[in-house]
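Enquirer: Supplied structure: upload35.txt, compact mmCIF, C-alpha atoms and all ligand atoms.
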```
# COMPACT_ATOMS: atom_id res chain seq x y z
CA MET A 1 83.71 7.05 243.73
CA SER A 2 86.22 6.79 240.90
CA LYS A 3 87.14 9.93 239.01
CA LYS A 4 85.81 10.64 235.55
CA LYS A 5 88.38 9.98 232.83
CA VAL A 6 88.98 12.72 230.30
CA LEU A 7 91.07 12.11 227.17
CA ILE A 8 92.19 15.04 225.05
CA VAL A 9 93.06 13.79 221.56
CA GLY A 10 95.53 16.24 220.04
CA GLY A 11 96.64 17.51 223.42
CA THR A 12 99.80 19.06 222.00
CA GLY A 13 97.93 21.44 219.70
CA TYR A 14 96.75 24.96 220.43
CA LEU A 15 93.33 24.16 221.84
CA GLY A 16 94.45 20.83 223.29
CA GLN A 17 97.14 22.42 225.43
CA HIS A 18 94.80 25.09 226.73
CA LEU A 19 92.23 22.44 227.61
CA LEU A 20 94.84 20.34 229.38
CA GLN A 21 96.03 23.33 231.34
CA GLY A 22 92.46 24.24 232.22
CA TYR A 23 91.68 20.75 233.50
CA ALA A 24 94.98 20.48 235.35
CA ASP A 25 94.32 23.79 237.12
CA ILE A 26 90.96 22.71 238.56
CA THR A 27 91.26 22.52 242.31
CA GLY A 28 91.27 18.98 243.65
CA ARG A 29 91.86 17.47 240.19
CA PRO A 30 88.41 15.83 239.97
CA TYR A 31 89.32 14.11 236.67
CA ASP A 32 91.87 11.56 235.57
CA LEU A 33 93.48 13.22 232.60
CA ALA A 34 95.22 11.78 229.55
CA PHE A 35 96.14 13.16 226.17
CA THR A 36 97.46 12.05 222.83
CA HIS A 37 100.26 13.49 220.77
CA ARG A 38 101.51 12.62 217.31
CA SER A 39 105.01 14.04 217.46
CA SER A 40 107.21 12.14 219.89
CA PRO A 41 108.23 12.72 222.53
CA PRO A 42 105.64 15.21 223.75
CA PRO A 43 107.15 18.52 224.92
CA GLN A 44 108.72 18.17 228.37
CA VAL A 45 107.51 21.62 229.37
CA LEU A 46 103.92 20.47 228.76
CA LEU A 47 104.41 17.25 230.72
CA ASP A 48 105.86 19.26 233.61
CA ALA A 49 102.97 21.73 233.60
CA ILE A 50 100.28 19.05 233.71
CA SER A 51 102.04 16.48 235.85
CA GLY A 52 99.94 13.51 236.81
CA SER A 53 98.33 13.15 233.40
CA LEU A 54 99.20 10.37 230.97
CA ALA A 55 100.55 10.97 227.49
CA PHE A 56 100.04 8.53 224.61
CA PRO A 57 101.46 8.63 221.10
CA VAL A 58 98.59 8.15 218.66
CA ASP A 59 98.41 8.44 214.90
CA LEU A 60 94.85 9.03 213.76
CA LYS A 61 95.77 8.13 210.21
CA SER A 62 96.94 4.59 211.00
CA GLY A 63 95.05 4.16 214.27
CA SER A 64 98.21 3.16 216.09
CA GLY A 65 98.42 3.91 219.79
CA PHE A 66 94.84 3.42 220.95
CA GLU A 67 95.45 -0.05 222.42
CA ALA A 68 97.98 1.37 224.86
CA ILE A 69 95.31 3.80 226.09
CA SER A 70 92.87 0.92 226.64
CA LYS A 71 95.46 -0.96 228.71
CA THR A 72 96.78 1.88 230.83
CA PHE A 73 93.99 4.44 231.06
CA GLY A 74 90.92 2.39 230.17
CA GLN A 75 87.71 3.63 228.62
CA PRO A 76 87.44 7.40 228.85
CA ASP A 77 84.19 8.99 230.03
CA VAL A 78 84.83 12.01 227.82
CA VAL A 79 86.99 12.38 224.72
CA VAL A 80 87.66 15.84 223.31
CA ASN A 81 88.98 15.49 219.78
CA CYS A 82 91.22 18.47 219.04
CA ALA A 83 93.45 16.59 216.60
CA ALA A 84 93.36 17.70 213.00
CA ILE A 85 95.28 19.06 210.10
CA SER A 86 93.96 22.47 211.04
CA VAL A 87 95.84 24.73 208.65
CA PRO A 88 93.77 25.09 205.45
CA ARG A 89 96.86 25.48 203.28
CA ALA A 90 98.23 22.14 204.52
CA CYS A 91 94.90 20.50 203.68
CA GLU A 92 95.04 21.85 200.15
CA HIS A 93 98.59 20.54 199.87
CA ASP A 94 97.69 16.97 200.90
CA ALA A 95 93.96 16.42 200.68
CA ASP A 96 94.19 12.64 201.24
CA ALA A 97 96.11 13.03 204.50
CA ALA A 98 93.74 15.78 205.62
CA LEU A 99 90.73 13.54 205.02
CA ALA A 100 92.33 10.57 206.77
CA ILE A 101 93.19 12.62 209.88
CA ASN A 102 90.31 15.07 210.07
CA VAL A 103 87.68 12.34 209.79
CA PRO A 104 88.36 10.55 213.11
CA SER A 105 87.46 7.05 211.94
CA SER A 106 90.22 5.29 213.89
CA LEU A 107 89.20 7.11 217.09
CA VAL A 108 85.51 6.27 216.66
CA LYS A 109 86.26 2.63 215.81
CA TRP A 110 88.38 2.37 218.96
CA LEU A 111 85.57 3.80 221.08
CA GLN A 112 83.09 1.37 219.51
CA ARG A 113 85.14 -1.57 220.78
CA PHE A 114 84.20 -0.83 224.40
CA ASN A 115 81.19 -2.76 225.65
CA GLU A 116 79.67 0.29 227.31
CA LYS A 117 78.83 2.84 224.62
CA SER A 118 78.84 5.57 227.22
CA THR A 119 81.84 7.72 226.22
CA LEU A 120 80.90 11.26 225.28
CA LEU A 121 82.81 12.37 222.17
CA ILE A 122 83.24 16.12 221.83
CA HIS A 123 84.51 16.85 218.34
CA LEU A 124 85.92 20.15 217.11
CA SER A 125 84.59 21.22 213.76
CA THR A 126 84.84 24.64 212.17
CA ASP A 127 82.81 27.51 210.76
CA GLN A 128 84.63 26.78 207.51
CA VAL A 129 81.91 24.22 206.81
CA TYR A 130 79.91 27.29 205.68
CA GLU A 131 80.24 29.16 202.44
CA GLY A 132 80.81 32.48 204.22
CA GLU A 133 78.24 34.47 202.28
CA LYS A 134 76.34 35.81 205.28
CA SER A 135 76.63 36.50 209.00
CA PHE A 136 75.65 34.54 212.07
CA TYR A 137 75.17 31.08 210.66
CA LYS A 138 72.93 28.70 212.57
CA GLU A 139 73.44 25.00 213.13
CA ASP A 140 70.75 24.10 210.60
CA ASP A 141 72.18 26.28 207.82
CA VAL A 142 73.42 24.23 204.89
CA ALA A 143 77.11 23.41 205.00
CA VAL A 144 78.80 24.48 201.76
CA PRO A 145 82.53 24.21 202.34
CA VAL A 146 84.71 26.08 199.89
CA ASN A 147 88.06 24.51 200.72
CA VAL A 148 89.53 21.07 201.42
CA TYR A 149 89.75 21.79 205.15
CA GLY A 150 86.02 22.59 205.31
CA LYS A 151 85.16 19.55 203.19
CA THR A 152 87.07 17.19 205.48
CA LYS A 153 85.31 18.73 208.48
CA VAL A 154 81.89 18.17 206.89
CA GLU A 155 82.87 14.54 206.21
CA ALA A 156 83.94 14.20 209.84
CA GLU A 157 80.61 15.54 211.07
CA LYS A 158 78.68 13.11 208.82
CA PHE A 159 80.80 10.20 210.01
CA ILE A 160 80.30 11.01 213.69
CA ILE A 161 76.55 11.56 213.30
CA GLU A 162 76.24 8.18 211.55
CA GLN A 163 78.51 6.19 213.85
CA CYS A 164 78.13 7.68 217.34
CA SER A 165 75.24 7.97 219.74
CA ASN A 166 76.78 10.18 222.43
CA PHE A 167 78.51 13.17 220.88
CA ALA A 168 78.67 16.92 220.51
CA ILE A 169 80.12 18.71 217.50
CA LEU A 170 81.37 22.27 217.97
CA ARG A 171 81.62 24.43 214.86
CA SER A 172 84.06 26.97 216.17
CA SER A 173 85.28 30.02 214.36
CA ILE A 174 88.79 31.30 215.00
CA ILE A 175 90.08 30.56 218.49
CA TYR A 176 92.56 33.04 219.84
CA GLY A 177 94.28 33.65 223.11
CA PRO A 178 97.69 33.41 224.69
CA GLN A 179 100.47 31.21 223.36
CA THR A 180 100.49 27.66 224.69
CA ILE A 181 102.81 26.18 227.34
CA SER A 182 104.81 24.59 224.56
CA PRO A 183 104.56 27.01 221.63
CA VAL A 184 102.72 25.57 218.65
CA PRO A 185 104.52 25.78 215.30
CA LYS A 186 101.71 27.50 213.43
CA SER A 187 101.24 31.24 213.23
CA LEU A 188 98.66 32.49 215.73
CA PRO A 189 96.39 35.54 215.38
CA ILE A 190 97.70 37.00 218.63
CA GLN A 191 101.27 36.91 217.35
CA ARG A 192 100.20 38.76 214.25
CA ALA A 193 98.25 41.24 216.32
CA SER A 194 101.25 42.11 218.42
CA LYS A 195 103.43 42.64 215.35
CA CYS A 196 101.04 44.49 213.09
CA ASN A 197 99.37 47.81 213.19
CA TRP A 198 95.69 46.94 213.38
CA TYR A 199 94.64 50.05 211.53
CA LEU A 200 96.87 49.27 208.56
CA MET A 201 95.40 45.77 208.50
CA LEU A 202 91.89 47.19 208.51
CA VAL A 203 92.64 49.48 205.59
CA GLY A 204 93.46 46.38 203.54
CA LEU A 205 90.09 44.81 204.17
CA ILE A 206 86.78 45.87 202.74
CA GLY A 207 83.10 45.99 203.67
CA TYR A 208 81.93 43.13 205.72
CA HIS A 209 85.44 41.98 206.60
CA VAL A 210 86.20 45.41 208.00
CA PHE A 211 83.25 45.08 210.33
CA LYS A 212 84.34 41.63 211.47
CA TRP A 213 87.90 42.77 212.08
CA LEU A 214 86.72 45.73 214.11
CA ARG A 215 84.96 43.28 216.39
CA LEU A 216 88.07 41.10 216.50
CA SER A 217 90.39 43.96 217.40
CA HIS A 218 87.93 45.15 220.03
CA ASN A 219 87.86 41.71 221.61
CA LEU A 220 91.64 41.51 221.59
CA GLY A 221 91.56 44.11 224.36
CA ASP A 222 90.22 41.32 226.54
CA MET A 223 93.04 38.86 226.01
CA THR A 224 94.27 38.46 229.57
CA PRO A 225 93.80 34.96 230.95
CA HIS A 226 90.99 34.88 233.49
CA TYR A 227 90.89 32.66 236.50
CA SER A 228 87.86 31.26 238.25
CA ASN A 229 87.12 28.31 240.47
CA GLN A 230 84.15 27.13 238.53
CA CYS A 231 85.25 26.02 235.13
CA LEU A 232 88.25 25.78 232.88
CA HIS A 233 90.49 28.53 234.07
CA ARG A 234 92.23 29.71 230.98
CA ARG A 235 89.77 31.66 228.97
CA LEU A 236 89.90 31.34 225.23
CA ILE A 237 87.93 33.75 223.18
CA VAL A 238 85.92 32.12 220.45
CA GLU A 239 84.65 34.43 217.80
CA SER A 240 81.41 33.02 216.44
CA GLY A 241 80.09 33.96 213.07
CA PRO A 242 80.82 33.52 209.44
CA GLN A 243 83.94 32.33 207.76
CA LEU A 244 86.68 34.86 207.19
CA THR A 245 89.55 34.56 204.82
CA TYR A 246 92.41 35.15 207.19
CA PRO A 247 95.37 36.59 205.37
CA TRP A 248 97.89 34.39 207.19
CA ILE A 249 96.30 30.99 206.59
N1 LIG B 301 92.53 27.17 216.10
C1 LIG B 301 91.44 27.68 215.56
O1 LIG B 301 91.31 28.89 215.38
C2 LIG B 301 90.32 26.74 215.17
C3 LIG B 301 89.14 27.31 214.64
C4 LIG B 301 88.07 26.45 214.32
C5 LIG B 301 88.20 25.10 214.50
N2 LIG B 301 89.36 24.58 214.98
C6 LIG B 301 89.46 23.14 215.17
O2 LIG B 301 89.77 22.90 216.51
C7 LIG B 301 90.62 21.75 216.62
C8 LIG B 301 91.89 22.15 217.36
O3 LIG B 301 92.56 23.15 216.61
P1 LIG B 301 94.03 23.62 216.99
O4 LIG B 301 94.21 24.98 216.47
O5 LIG B 301 94.28 23.33 218.43
O6 LIG B 301 94.89 22.60 216.09
P2 LIG B 301 96.49 22.41 216.09
O7 LIG B 301 97.15 23.40 216.97
O8 LIG B 301 96.91 22.35 214.67
O9 LIG B 301 96.69 20.98 216.75
C9 LIG B 301 96.46 19.82 216.02
C10 LIG B 301 96.69 18.60 216.89
O10 LIG B 301 96.44 17.44 216.07
C11 LIG B 301 97.52 16.55 216.25
N3 LIG B 301 97.69 15.75 215.05
C12 LIG B 301 98.03 16.17 213.81
N4 LIG B 301 98.13 15.12 212.99
C13 LIG B 301 97.83 14.02 213.71
C14 LIG B 301 97.75 12.62 213.42
N5 LIG B 301 98.05 12.12 212.21
N6 LIG B 301 97.41 11.78 214.42
C15 LIG B 301 97.14 12.25 215.65
N7 LIG B 301 97.19 13.55 216.00
C16 LIG B 301 97.54 14.43 215.02
C17 LIG B 301 98.74 17.40 216.54
O11 LIG B 301 99.72 16.61 217.19
P3 LIG B 301 101.27 17.06 217.24
O12 LIG B 301 101.28 18.46 217.81
O13 LIG B 301 101.90 16.10 218.19
O14 LIG B 301 101.77 17.01 215.84
C18 LIG B 301 98.11 18.45 217.45
O15 LIG B 301 98.04 17.96 218.76
C19 LIG B 301 90.84 21.27 215.20
O16 LIG B 301 89.89 20.28 214.90
C20 LIG B 301 90.57 22.49 214.36
O17 LIG B 301 90.14 22.14 213.06
C21 LIG B 301 90.42 25.39 215.32
```
Is it possible to give me this structure as structure tokens?
Expert:
Amino acid sequence: MSKKKVLIVGGTGYLGQHLLQGYADITGRPYDLAFTHRSSPPPQVLLDAISGSLAFPVDLKSGSGFEAISKTFGQPDVVVNCAAISVPRACEHDADAALAINVPSSLVKWLQRFNEKSTLLIHLSTDQVYEGEKSFYKEDDVAVPVNVYGKTKVEAEKFIIEQCSNFAILRSSIIYGPQTISPVPKSLPIQRASKCNWYLMLVGLIGYHVFKWLRLSHNLGDMTPHYSNQCLHRRLIVESGPQLTYPWI
């Protein structure tokens, strides 16, 4: 039986690299693995660490690069879309580019060209679709984004719901864990945590945010990568809950 094909779109980003490493570490490599990158060439250290996978340059804004995937890799069984302009400040700076990239229209149109509409699209959204006025949002709470990043993510969700039949949308809050194989250019919470005195940071935050940060700092004690034979090996801690205004974004 042929192996399932998994394509990580945005494989050079923070989550993308961890996913690639997780898949590559699974004993017996039960999947054919490919990923996309925008910057070229992709980091050699990443290619070395996940040898055997295919790398494709793709620009979600223009849609260039997908044809090469069709020819070489074929139709994926699963696509995990980790590509985005994920830094809120960058979205504010260039809202048009953020919309064009964060709404994955070129990716979805490419998938729609396959005769079999069987590919599962797993799309990363964010808790920044919520207003952030309360705790523990549920999926059916109304999305009221307060920044450009959140607005583009809501548009992406609407687009996928309208256009796709086989999909899952994950509204993640902050994702933190170890640095990636090839360090990502953006500032990560773990880097801040190692440099800052947590207690001084807490003093600067009030009320509800203090509570959330206490939970965050508690969880940071559990940062060591975990290994298991059953699922993706590198454990990333995903803090669910309401939107926070992170001082470094
Ligand atoms: N990290 C978090 O805490 C967090 C929290 C909630 C939700 N999310 C969501 O989770 C997903 C992954 O986040 P992340 O932190 O891993 O993001 P990231 O580190 O910023 O990675 C973004 C990825 O998108 C790619 N990309 C950027 N512009 C592109 C374009 N025009 N065409 C194609 N690819 C492009 C980048 O490629 P290059 O590296 O080659 O430029 C990179 O691989 C995003 O959708 C983000 O919104 C993240």
Enquirer: Using only C-alpha atoms and all ligand atoms, find the one residue out of A:Cys164, A:Ala156, A:Val108, A:Leu33 that sits nearest to ligand LIG 301 (chain B).
Expert: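 The closest residue to ligand LIG 301 (chain B) is A:Ala156.
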Enquirer: Using only C-alpha atoms and all ligand atoms, find each protein or nucleic acid residue lying at most 6 Å from ligand LIG 301 (chain B); present the set as a list of chain:residue names.
Expert: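 Protein and nucleic-acid residues within 6 Å of ligand LIG 301 (chain B): A:Gly10, A:Gly11, A:Thr12, A:Gly13, A:Tyr14, A:Leu15, A:Gly16, A:His37, A:Arg38, A:Ser39, A:Val58, A:Asp59, A:Leu60, A:Lys61, A:Cys82, A:Ala83, A:Ala84, A:Ile85, A:Ser86, A:Ile101, A:Leu124, A:Ser125, A:Thr126, A:Ser172, A:Ser173, A:Ile174, A:Ile175.
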Enquirer: So which residues touch Ile69 in chain A within 12 Å, counting only C-alpha atoms, skipping near sequence neighbours fewer than 3 positions away, as a list in words?
Expert: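 So, after excluding close chain neighbours, the residues are Lys5, Val6, Leu7, Ile8, Val9, Leu33, Ala34, Phe35, Thr36, Leu54, Ala55, Phe56, Pro57, Val58, Gly63, Ser64, Gly65, Phe66, Thr72, Phe73, Gly74, Gln75, Pro76, Leu107, Trp110 and Leu111 of chain A.
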Enquirer: Report, in Å with one decimal, the straight-line distance from CA of Ser118 in chain A to CA of Asp32 in chain A.
Expert: 16.6 Å
Enquirer: Taking into account all atoms listed in the file, which residue in the set A:Gln44, A:Thr180, A:Asn147, A:Asn166 is nearest to Ala90 in chain A?
Expert: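 Going through A:Gln44, A:Thr180, A:Asn147, A:Asn166 one by one, the smallest distance to Ala90 in chain A is for A:Asn147.
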Enquirer: Enter the distance from CA of Ala97 in chain A to CA of Ser40 in chain A, in Å, rounded to one decimal.
Expert: 19.0 Å
Enquirer: Return the single residue from A:Val45, A:Leu20, A:Val129, A:Ala168 that is closest to Val148 in chain A, with distances computed using all atoms listed in the file.
Expert: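 Counting all atoms listed in the file, the residue closest to Val148 in chain A is A:Val129.
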Enquirer: Choose the residue, out of A:Tyr31, A:Asp25, A:Leu19, A:Tyr176, that has the smallest atom-to-atom separation from Lys3 in chain A; count only C-alpha atoms.
Expert: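 Comparing A:Tyr31, A:Asp25, A:Leu19, A:Tyr176 against Lys3 in chain A, the winner is A:Tyr31.
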Enquirer: Report, in Å to a single decimal, how far apart CA of Gln128 in chain A and CA of Pro189 in chain A are.
Expert: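 Here the two named atoms are 16.6 Å from each other.
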Enquirer: For Val87 in chain A, which of A:Leu120, A:Ile169, A:Val154, A:Leu188 is the closest residue, counting all atoms listed in the file?
Expert: A:Leu188
Enquirer: Show me, as JSON, the centre and edge lengths in Å to one decimal of the axis-aligned box that covers every listed atom of range 143-153 of chain A with 6 Å on each side.
Expert:
```
{"center_x": 83.4, "center_y": 21.6, "center_z": 204.2, "size_x": 24.6, "size_y": 20.9, "size_z": 20.6}
```
Enquirer: Would you mind telling me which residue in A:Ala98, A:Ile160, A:Val79, A:Ala24 lies nearest to Ser51 in chain A when using only C-alpha atoms?
Expert: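 Of A:Ala98, A:Ile160, A:Val79, A:Ala24, the one nearest Ser51 in chain A, counting only C-alpha atoms, is A:Ala24.
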